[in-house]
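**Q** The following file, model20.txt, comprises compact mmCIF, C-alpha atoms and all ligand atoms:
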```
# COMPACT_ATOMS: atom_id res chain seq x y z
CA MET A 1 24.15 -8.77 -7.01
CA VAL A 2 20.93 -6.77 -7.23
CA GLN A 3 19.04 -9.76 -5.81
CA ILE A 4 21.47 -9.98 -2.87
CA LEU A 5 21.12 -6.27 -2.18
CA ILE A 6 17.34 -6.47 -2.26
CA ASN A 7 17.40 -9.46 0.10
CA LYS A 8 19.56 -7.58 2.58
CA LEU A 9 17.40 -4.46 2.44
CA GLY A 10 14.13 -6.16 3.02
CA GLU A 11 14.57 -9.34 5.04
CA ASN A 12 11.49 -10.44 7.01
CA LYS A 13 9.69 -7.13 6.72
CA MET A 14 5.93 -7.25 6.99
CA LEU A 15 3.47 -4.43 7.46
CA THR A 16 2.09 -3.94 10.97
CA TYR A 17 -1.68 -3.66 11.50
CA ASN A 18 -1.33 0.13 11.69
CA GLU A 19 0.65 0.25 8.45
CA VAL A 20 -1.90 -2.00 6.71
CA LYS A 21 -4.74 0.18 7.97
CA ARG A 22 -3.01 3.37 6.81
CA PHE A 23 -2.23 1.91 3.38
CA TYR A 24 -5.78 0.71 2.69
CA ASP A 25 -7.35 3.86 4.15
CA ASP A 26 -5.44 5.76 1.45
CA PHE A 27 -5.85 3.13 -1.27
CA GLY A 28 -9.66 2.92 -1.03
CA ARG A 29 -11.43 2.53 -4.37
CA LYS A 30 -8.16 1.88 -6.25
CA GLN A 31 -8.46 -1.68 -4.91
CA ASP A 32 -11.23 -2.35 -7.43
CA ARG A 33 -8.85 -1.56 -10.31
CA GLN A 34 -6.52 -4.51 -9.56
CA LEU A 35 -7.23 -6.36 -12.81
CA TYR A 36 -5.10 -9.41 -11.91
CA GLU A 37 -7.80 -10.44 -9.42
CA GLU A 38 -10.69 -10.74 -11.83
CA SER A 39 -10.35 -14.20 -13.35
CA ALA A 40 -9.39 -15.82 -10.02
CA ILE A 41 -12.43 -14.25 -8.35
CA ASN A 42 -14.65 -15.50 -11.18
CA ASP A 43 -13.28 -19.02 -10.64
CA LEU A 44 -13.81 -18.72 -6.90
CA ILE A 45 -17.44 -17.65 -7.35
CA GLU A 46 -18.06 -20.56 -9.70
CA GLN A 47 -16.34 -23.23 -7.60
CA GLY A 48 -17.77 -21.84 -4.35
CA LYS A 49 -21.38 -22.45 -5.49
CA PHE A 50 -22.51 -19.20 -3.94
CA GLY A 51 -25.95 -19.64 -5.46
CA GLU A 52 -26.57 -22.20 -2.68
CA ALA A 53 -25.04 -20.08 0.11
CA LYS A 54 -27.17 -19.15 3.12
CA TYR A 55 -24.58 -17.29 5.24
CA ILE A 56 -21.35 -15.79 3.91
CA VAL A 57 -18.55 -14.55 6.16
CA GLU A 58 -15.80 -12.45 4.53
CA PHE A 59 -12.47 -11.50 6.09
CA GLY A 60 -10.82 -8.41 4.55
CA CYS A 61 -13.92 -7.41 2.59
CA GLY A 62 -12.25 -4.34 1.05
CA THR A 63 -14.69 -2.10 -0.85
CA GLY A 64 -17.43 -4.74 -0.71
CA ASN A 65 -17.12 -5.37 -4.43
CA LEU A 66 -17.35 -9.15 -4.07
CA ALA A 67 -20.07 -8.89 -1.40
CA SER A 68 -22.33 -6.73 -3.56
CA ARG A 69 -21.75 -8.94 -6.59
CA LEU A 70 -22.67 -12.05 -4.60
CA LEU A 71 -25.69 -10.43 -2.94
CA LYS A 72 -26.97 -8.79 -6.15
CA SER A 73 -26.65 -11.53 -8.67
CA VAL A 74 -25.31 -14.81 -7.33
CA SER A 75 -26.77 -15.80 -3.97
CA SER A 76 -30.44 -16.14 -3.02
CA GLY A 77 -32.55 -13.30 -1.61
CA GLU A 78 -32.28 -14.83 1.86
CA CYS A 79 -28.51 -15.19 2.00
CA GLN A 80 -26.92 -13.32 4.92
CA TYR A 81 -23.49 -11.66 4.84
CA ARG A 82 -21.03 -10.50 7.52
CA GLY A 83 -17.80 -8.79 6.46
CA VAL A 84 -14.87 -7.34 8.37
CA ASP A 85 -11.94 -5.13 7.41
CA ILE A 86 -9.20 -3.28 9.28
CA SER A 87 -9.56 -0.12 7.17
CA GLN A 88 -12.23 2.46 8.01
CA THR A 89 -12.24 3.67 4.39
CA MET A 90 -12.84 0.13 3.14
CA VAL A 91 -15.61 -0.50 5.67
CA ALA A 92 -17.35 2.77 4.66
CA LEU A 93 -17.13 1.79 0.96
CA CYS A 94 -18.37 -1.71 1.71
CA GLN A 95 -21.30 -0.41 3.76
CA LYS A 96 -22.29 1.82 0.84
CA ASN A 97 -21.96 -1.06 -1.62
CA ILE A 98 -24.20 -3.39 0.39
CA GLU A 99 -26.61 -0.83 1.85
CA GLN A 100 -29.55 -2.06 -0.20
CA PHE A 101 -29.20 -5.40 1.60
CA SER A 102 -28.75 -3.88 5.06
CA GLU A 103 -31.37 -6.15 6.63
CA ARG A 104 -29.22 -9.19 5.96
CA ALA A 105 -25.75 -7.84 5.18
CA THR A 106 -23.40 -5.96 7.51
CA CYS A 107 -19.71 -5.18 7.80
CA TYR A 108 -17.57 -3.68 10.54
CA ARG A 109 -14.01 -2.63 11.31
CA ASN A 110 -11.62 -4.73 13.39
CA GLU A 111 -8.29 -3.90 14.99
CA GLY A 112 -6.36 -6.49 12.98
CA GLU A 113 -6.58 -9.75 14.88
CA PRO A 114 -8.08 -12.27 12.44
CA LYS A 115 -11.24 -13.01 14.41
CA ILE A 116 -14.82 -12.49 13.31
CA ASP A 117 -17.63 -11.64 15.66
CA VAL A 118 -20.06 -14.30 14.57
CA GLN A 119 -21.11 -17.38 16.48
CA ASN A 120 -19.73 -20.88 16.01
CA GLN A 121 -20.89 -22.84 12.95
CA ILE A 122 -23.07 -20.11 11.55
CA ALA A 123 -21.71 -19.82 8.00
CA ASP A 124 -21.69 -22.08 4.98
CA ARG A 125 -19.15 -19.94 3.10
CA PHE A 126 -16.01 -18.35 4.55
CA VAL A 127 -14.35 -16.10 1.98
CA SER A 128 -11.10 -14.19 1.96
CA THR A 129 -9.57 -12.82 -1.23
CA TYR A 130 -6.07 -11.31 -1.43
CA VAL A 131 -5.74 -10.99 2.34
CA LEU A 132 -3.83 -14.09 3.49
CA ASP A 133 -0.92 -12.96 1.33
CA LEU A 134 -0.38 -9.98 3.64
CA LEU A 135 -0.86 -11.77 6.97
CA THR A 136 1.89 -13.24 9.15
CA GLU A 137 2.11 -17.03 9.44
CA LYS A 138 0.64 -16.79 12.93
CA ASP A 139 -2.32 -14.74 11.71
CA VAL A 140 -2.94 -17.11 8.80
CA THR A 141 -3.18 -19.97 11.31
CA THR A 142 -5.54 -17.94 13.52
CA LEU A 143 -7.67 -17.09 10.51
CA LEU A 144 -7.92 -20.70 9.35
CA ASN A 145 -8.93 -21.73 12.89
CA GLU A 146 -11.52 -18.98 12.81
CA ALA A 147 -12.87 -20.31 9.52
CA HIS A 148 -13.06 -23.75 11.08
CA ARG A 149 -14.93 -22.32 14.09
CA THR A 150 -17.48 -20.35 12.07
CA LEU A 151 -18.16 -22.81 9.24
CA LEU A 152 -20.90 -25.39 9.43
CA PRO A 153 -19.90 -28.99 8.65
CA GLY A 154 -19.72 -29.20 4.86
CA GLY A 155 -19.23 -25.42 4.56
CA TYR A 156 -16.82 -24.06 1.97
CA LEU A 157 -13.60 -22.20 2.78
CA CYS A 158 -13.02 -20.02 -0.30
CA LEU A 159 -9.62 -18.36 -0.58
CA ALA A 160 -7.83 -16.46 -3.32
CA SER A 161 -4.34 -15.03 -3.13
CA LEU A 162 -1.23 -14.06 -4.99
CA THR A 163 0.90 -17.09 -5.64
CA HIS A 164 4.04 -18.28 -7.39
CA GLY A 165 4.52 -17.93 -11.12
CA VAL A 166 3.82 -20.98 -13.26
CA SER A 167 4.70 -19.67 -16.73
CA PRO A 168 7.77 -17.74 -17.92
CA VAL A 169 5.84 -14.46 -17.86
CA SER A 170 4.26 -15.02 -14.44
CA ARG A 171 7.66 -16.10 -13.02
CA VAL A 172 9.16 -12.82 -14.15
CA VAL A 173 6.21 -10.94 -12.66
CA GLU A 174 6.76 -12.81 -9.39
CA ILE A 175 10.48 -11.92 -9.31
CA LEU A 176 9.68 -8.25 -9.90
CA TRP A 177 6.88 -8.33 -7.33
CA ARG A 178 9.13 -9.94 -4.70
CA GLY A 179 11.86 -7.39 -5.40
CA LEU A 180 9.44 -4.52 -4.81
CA TYR A 181 8.09 -6.22 -1.69
CA LYS A 182 11.56 -6.60 -0.26
CA LEU A 183 12.42 -2.98 -0.97
CA ASN A 184 9.26 -1.82 0.76
CA PRO A 185 6.12 -3.97 1.28
CA SER A 186 3.91 -0.87 0.99
CA ILE A 187 4.76 -0.58 -2.72
CA VAL A 188 2.69 -3.74 -3.32
CA GLY A 189 0.09 -3.22 -0.59
CA GLY A 190 1.91 -5.54 1.82
CA CYS A 191 1.07 -8.59 -0.34
CA ARG A 192 3.58 -11.28 -1.34
CA PRO A 193 3.07 -14.52 -3.30
CA ILE A 194 2.18 -17.51 -1.11
CA ASN A 195 1.04 -21.07 -1.74
CA LEU A 196 -2.41 -21.63 -0.27
CA ALA A 197 -2.61 -25.15 -1.60
CA GLU A 198 0.10 -26.37 0.79
CA ARG A 199 -2.00 -25.39 3.83
CA PRO A 200 -3.27 -28.31 5.90
CA CYS A 201 -6.94 -27.55 5.30
CA LYS A 202 -9.52 -28.54 2.78
CA SER A 203 -10.49 -25.45 0.87
CA ILE A 204 -11.20 -23.92 -2.47
CA CYS A 205 -7.94 -22.18 -3.20
CA VAL A 206 -7.84 -19.95 -6.23
CA ASN A 207 -4.67 -18.15 -7.12
CA SER A 208 -4.01 -15.30 -9.49
CA PHE A 209 -1.40 -17.17 -11.47
CA LYS A 210 -2.93 -20.61 -11.15
CA THR A 211 -6.19 -22.24 -10.11
CA SER A 212 -5.78 -25.21 -7.79
CA PRO A 213 -8.35 -27.95 -8.12
CA ALA A 214 -10.83 -27.62 -5.26
CA SER A 215 -10.43 -30.32 -2.68
CA ASP A 216 -13.61 -31.92 -1.45
CA PRO A 217 -15.23 -29.41 0.92
CA GLU A 218 -17.40 -32.17 2.40
CA THR A 219 -14.31 -33.68 3.99
CA ARG A 220 -13.08 -30.48 5.59
CA SER A 221 -10.58 -31.33 8.31
C1 LIG B 301 -5.52 -6.57 -1.14
S1 LIG B 301 -6.94 -5.99 -0.28
C2 LIG B 301 -8.19 -7.13 -0.82
C3 LIG B 301 -9.58 -6.59 -0.63
C4 LIG B 301 -10.69 -7.50 -1.15
N1 LIG B 301 -10.76 -8.73 -0.42
C5 LIG B 301 -10.47 -7.78 -2.62
O1 LIG B 301 -10.19 -8.92 -3.00
O2 LIG B 301 -10.60 -6.82 -3.40
C6 LIG B 301 -6.63 -6.52 1.36
C7 LIG B 301 -7.76 -6.11 2.31
O3 LIG B 301 -7.57 -6.77 3.55
C8 LIG B 301 -7.73 -5.85 4.60
N2 LIG B 301 -6.93 -6.36 5.73
C9 LIG B 301 -5.59 -6.55 5.76
N3 LIG B 301 -5.21 -7.04 6.96
C10 LIG B 301 -6.35 -7.15 7.69
C11 LIG B 301 -6.61 -7.59 9.02
N4 LIG B 301 -5.64 -8.02 9.83
N5 LIG B 301 -7.90 -7.57 9.46
C12 LIG B 301 -8.89 -7.15 8.64
N6 LIG B 301 -8.70 -6.71 7.38
C13 LIG B 301 -7.44 -6.72 6.91
C14 LIG B 301 -7.24 -4.54 4.02
O4 LIG B 301 -7.71 -3.41 4.71
C15 LIG B 301 -7.79 -4.62 2.60
O5 LIG B 301 -9.10 -4.14 2.49
```
What does the file become when written as structure tokens?
Ligand SMILES: C[S@@+](CC[C@H](N)C(=O)[O-])C[C@H]1O[C@@H](n2cnc3c(N)ncnc32)[C@H](O)[C@@H]1O
**A**
Amino acid sequence: MVQILINKLGENKMLTYNEVKRFYDDFGRKQDRQLYEESAINDLIEQGKFGEAKYIVEFGCGTGNLASRLLKSVSSGECQYRGVDISQTMVALCQKNIEQFSERATCYRNEGEPKIDVQNQIADRFVSTYVLDLLTEKDVTTLLNEAHRTLLPGGYLCLASLTHGVSPVSRVVEILWRGLYKLNPSIVGGCRPINLAERPCKSICVNSFKTSPASDPETRS
């Protein structure tokens, strides 16, 4: 009964670009307190071999937490970075976080369309963490095409997102999460569980509830 009511209240609602921007402008630094992200991001850093990266592109860079971690202690001193985010607050935080690397690391604000202003085949890592789970299907497709455009042959597409529960506890968490999302997507930052691994692309997909084995990035399609 409750489930039916929730379904009726919230069918097919997704946040618009303006709503996403407003939410993350207000949310700001609180993003770095989302503890569920930590172990998936650690896996992603390990599997993504960022120590060998020469040019990292990041879509939805948030506060720049991942960028500064990669630039400070994982990648080489020559590695370049280009990040983009829809939220002015996030871009300002990211710029502050990466300012000591300003000669080789920049970020900017976009209007929402999942495009990145870098040239074709410039990057060897394309990263996006906890962003695809708040994009429409159409935008996910555009973003994956953009990754394909910007990555060099053999480059790594590194994605992390919310996904479906795989244990009794995580299944309950997913049900609660979905219920909140359907009531009002803003309660959960516009994010809903998705399955990255079923996408028709070769990528390193790391999920909060489960880590998928990385498919071979050398055979990116
Ligand atoms: C859940 S947060 C994740 C932030 C960061 N990647 C992390 O893992 O901490 C989602 C981020 O994506 C950004 N975002 C959402 N939709 C976007 C879009 N269409 N274009 C650019 N950034 C977007 C938000 O502003 C926010 O910073």
**Q** Could the residues of chain A that have an atom at most 9 Å from ligand LIG 301 (chain B) be listed as a Markdown table, each with its closest atom pair and the distance in Å to one decimal, counting all atoms listed in the file and ordered by chain and ascending residue number?
**A**
```
| residue | atom | partner | partner_atom | distance |
| --- | --- | --- | --- | --- |
| A:Thr16 | CA | B:LIG301 | N4 | 8.8 |
| A:Tyr17 | CA | B:LIG301 | N4 | 6.1 |
| A:Val20 | CA | B:LIG301 | C9 | 5.9 |
| A:Lys21 | CA | B:LIG301 | O4 | 5.7 |
| A:Arg22 | CA | B:LIG301 | O4 | 8.5 |
| A:Phe23 | CA | B:LIG301 | O4 | 7.8 |
| A:Tyr24 | CA | B:LIG301 | O4 | 5.0 |
| A:Asp25 | CA | B:LIG301 | O4 | 7.3 |
| A:Phe27 | CA | B:LIG301 | O5 | 8.8 |
| A:Gly28 | CA | B:LIG301 | O5 | 7.9 |
| A:Gln31 | CA | B:LIG301 | O2 | 5.8 |
| A:Asp32 | CA | B:LIG301 | O2 | 6.1 |
| A:Arg33 | CA | B:LIG301 | O2 | 8.9 |
| A:Gln34 | CA | B:LIG301 | O2 | 7.7 |
| A:Glu37 | CA | B:LIG301 | O1 | 7.0 |
| A:Ile41 | CA | B:LIG301 | O1 | 7.9 |
| A:Glu58 | CA | B:LIG301 | N1 | 8.0 |
| A:Phe59 | CA | B:LIG301 | C12 | 6.2 |
| A:Gly60 | CA | B:LIG301 | O3 | 3.8 |
| A:Cys61 | CA | B:LIG301 | N1 | 4.6 |
| A:Gly62 | CA | B:LIG301 | O5 | 3.5 |
| A:Thr63 | CA | B:LIG301 | C4 | 6.7 |
| A:Gly64 | CA | B:LIG301 | C4 | 7.3 |
| A:Asn65 | CA | B:LIG301 | O2 | 6.8 |
| A:Leu66 | CA | B:LIG301 | C5 | 7.2 |
| A:Val84 | CA | B:LIG301 | C12 | 6.0 |
| A:Asp85 | CA | B:LIG301 | N6 | 3.6 |
| A:Ile86 | CA | B:LIG301 | C12 | 3.9 |
| A:Ser87 | CA | B:LIG301 | O4 | 4.5 |
| A:Gln88 | CA | B:LIG301 | O4 | 8.1 |
| A:Thr89 | CA | B:LIG301 | O4 | 8.4 |
| A:Met90 | CA | B:LIG301 | O5 | 5.7 |
| A:Val91 | CA | B:LIG301 | O5 | 8.1 |
| A:Arg109 | CA | B:LIG301 | C12 | 7.3 |
| A:Asn110 | CA | B:LIG301 | C12 | 6.0 |
| A:Glu111 | CA | B:LIG301 | N5 | 6.6 |
| A:Gly112 | CA | B:LIG301 | N4 | 3.6 |
| A:Glu113 | CA | B:LIG301 | N4 | 5.4 |
| A:Pro114 | CA | B:LIG301 | N4 | 5.6 |
| A:Lys115 | CA | B:LIG301 | N5 | 8.1 |
| A:Val127 | CA | B:LIG301 | N1 | 8.5 |
| A:Ser128 | CA | B:LIG301 | N1 | 6.0 |
| A:Thr129 | CA | B:LIG301 | O1 | 4.3 |
| A:Tyr130 | CA | B:LIG301 | C2 | 4.7 |
| A:Val131 | CA | B:LIG301 | C6 | 4.7 |
| A:Leu132 | CA | B:LIG301 | N3 | 8.0 |
| A:Asp133 | CA | B:LIG301 | C1 | 8.3 |
| A:Leu134 | CA | B:LIG301 | N3 | 6.6 |
| A:Leu135 | CA | B:LIG301 | N3 | 6.4 |
| A:Asp139 | CA | B:LIG301 | N4 | 7.7 |
| A:Ala160 | CA | B:LIG301 | O1 | 7.9 |
| A:Ser161 | CA | B:LIG301 | O1 | 8.5 |
| A:Val188 | CA | B:LIG301 | C1 | 9.0 |
| A:Gly189 | CA | B:LIG301 | C1 | 6.6 |
| A:Gly190 | CA | B:LIG301 | C1 | 8.1 |
| A:Cys191 | CA | B:LIG301 | C1 | 6.9 |
```
**Q** When you draw a straight line from CA of Ser170 (chain A) to CA of Ile187 (chain A), how long is it in Å?
**A**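 Separation between CA of Ser170 (chain A) and CA of Ile187 (chain A): 18.6 Å.
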**Q** When you count only C-alpha atoms, which of these residues is closest to Pro193 (chain A): A:Val118, A:Val166, A:Ile45, A:Cys158?
**A** A:Val166
**Q** Tell me, as a list in words, which residues lie within 9 Å of Phe50 (chain A), counting all atoms listed in the file; anything in the same chain fewer than 6 positions away does not count.
**A**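 Final neighbour list, sorted by chain and number: Ile56, Leu70, Val74, Ser75, Ser76 and Arg125 of chain A.
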**Q** Within 12 Å of (-21.5, -11.8, 16.0) (file coordinates; only C-alpha atoms), which protein or nucleic acid residues are there? I'd like them as a list of chain:residue names.
**A**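 Residues satisfying the cut-off, written out: A:Val57, A:Tyr81, A:Arg82, A:Gly83, A:Val84, A:Thr106, A:Cys107, A:Tyr108, A:Lys115, A:Ile116, A:Asp117, A:Val118, A:Gln119, A:Asn120, A:Gln121, A:Ile122, A:Ala123, A:Thr150.
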**Q** Let me know the centre plus edge lengths, in Å and rounded to one decimal, of a box with edges along x, y and z that contains all listed atoms of region 42-51 of chain A and is padded by 3 Å on every side, as JSON.
**A**
```
{"center_x": -19.6, "center_y": -19.4, "center_z": -7.6, "size_x": 18.7, "size_y": 13.7, "size_z": 13.2}
```
**Q** What's the separation between CA of Glu78 (chain A) and CA of Gln100 (chain A), in Å to one decimal place?
**A**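 It comes out at 13.2 Å.
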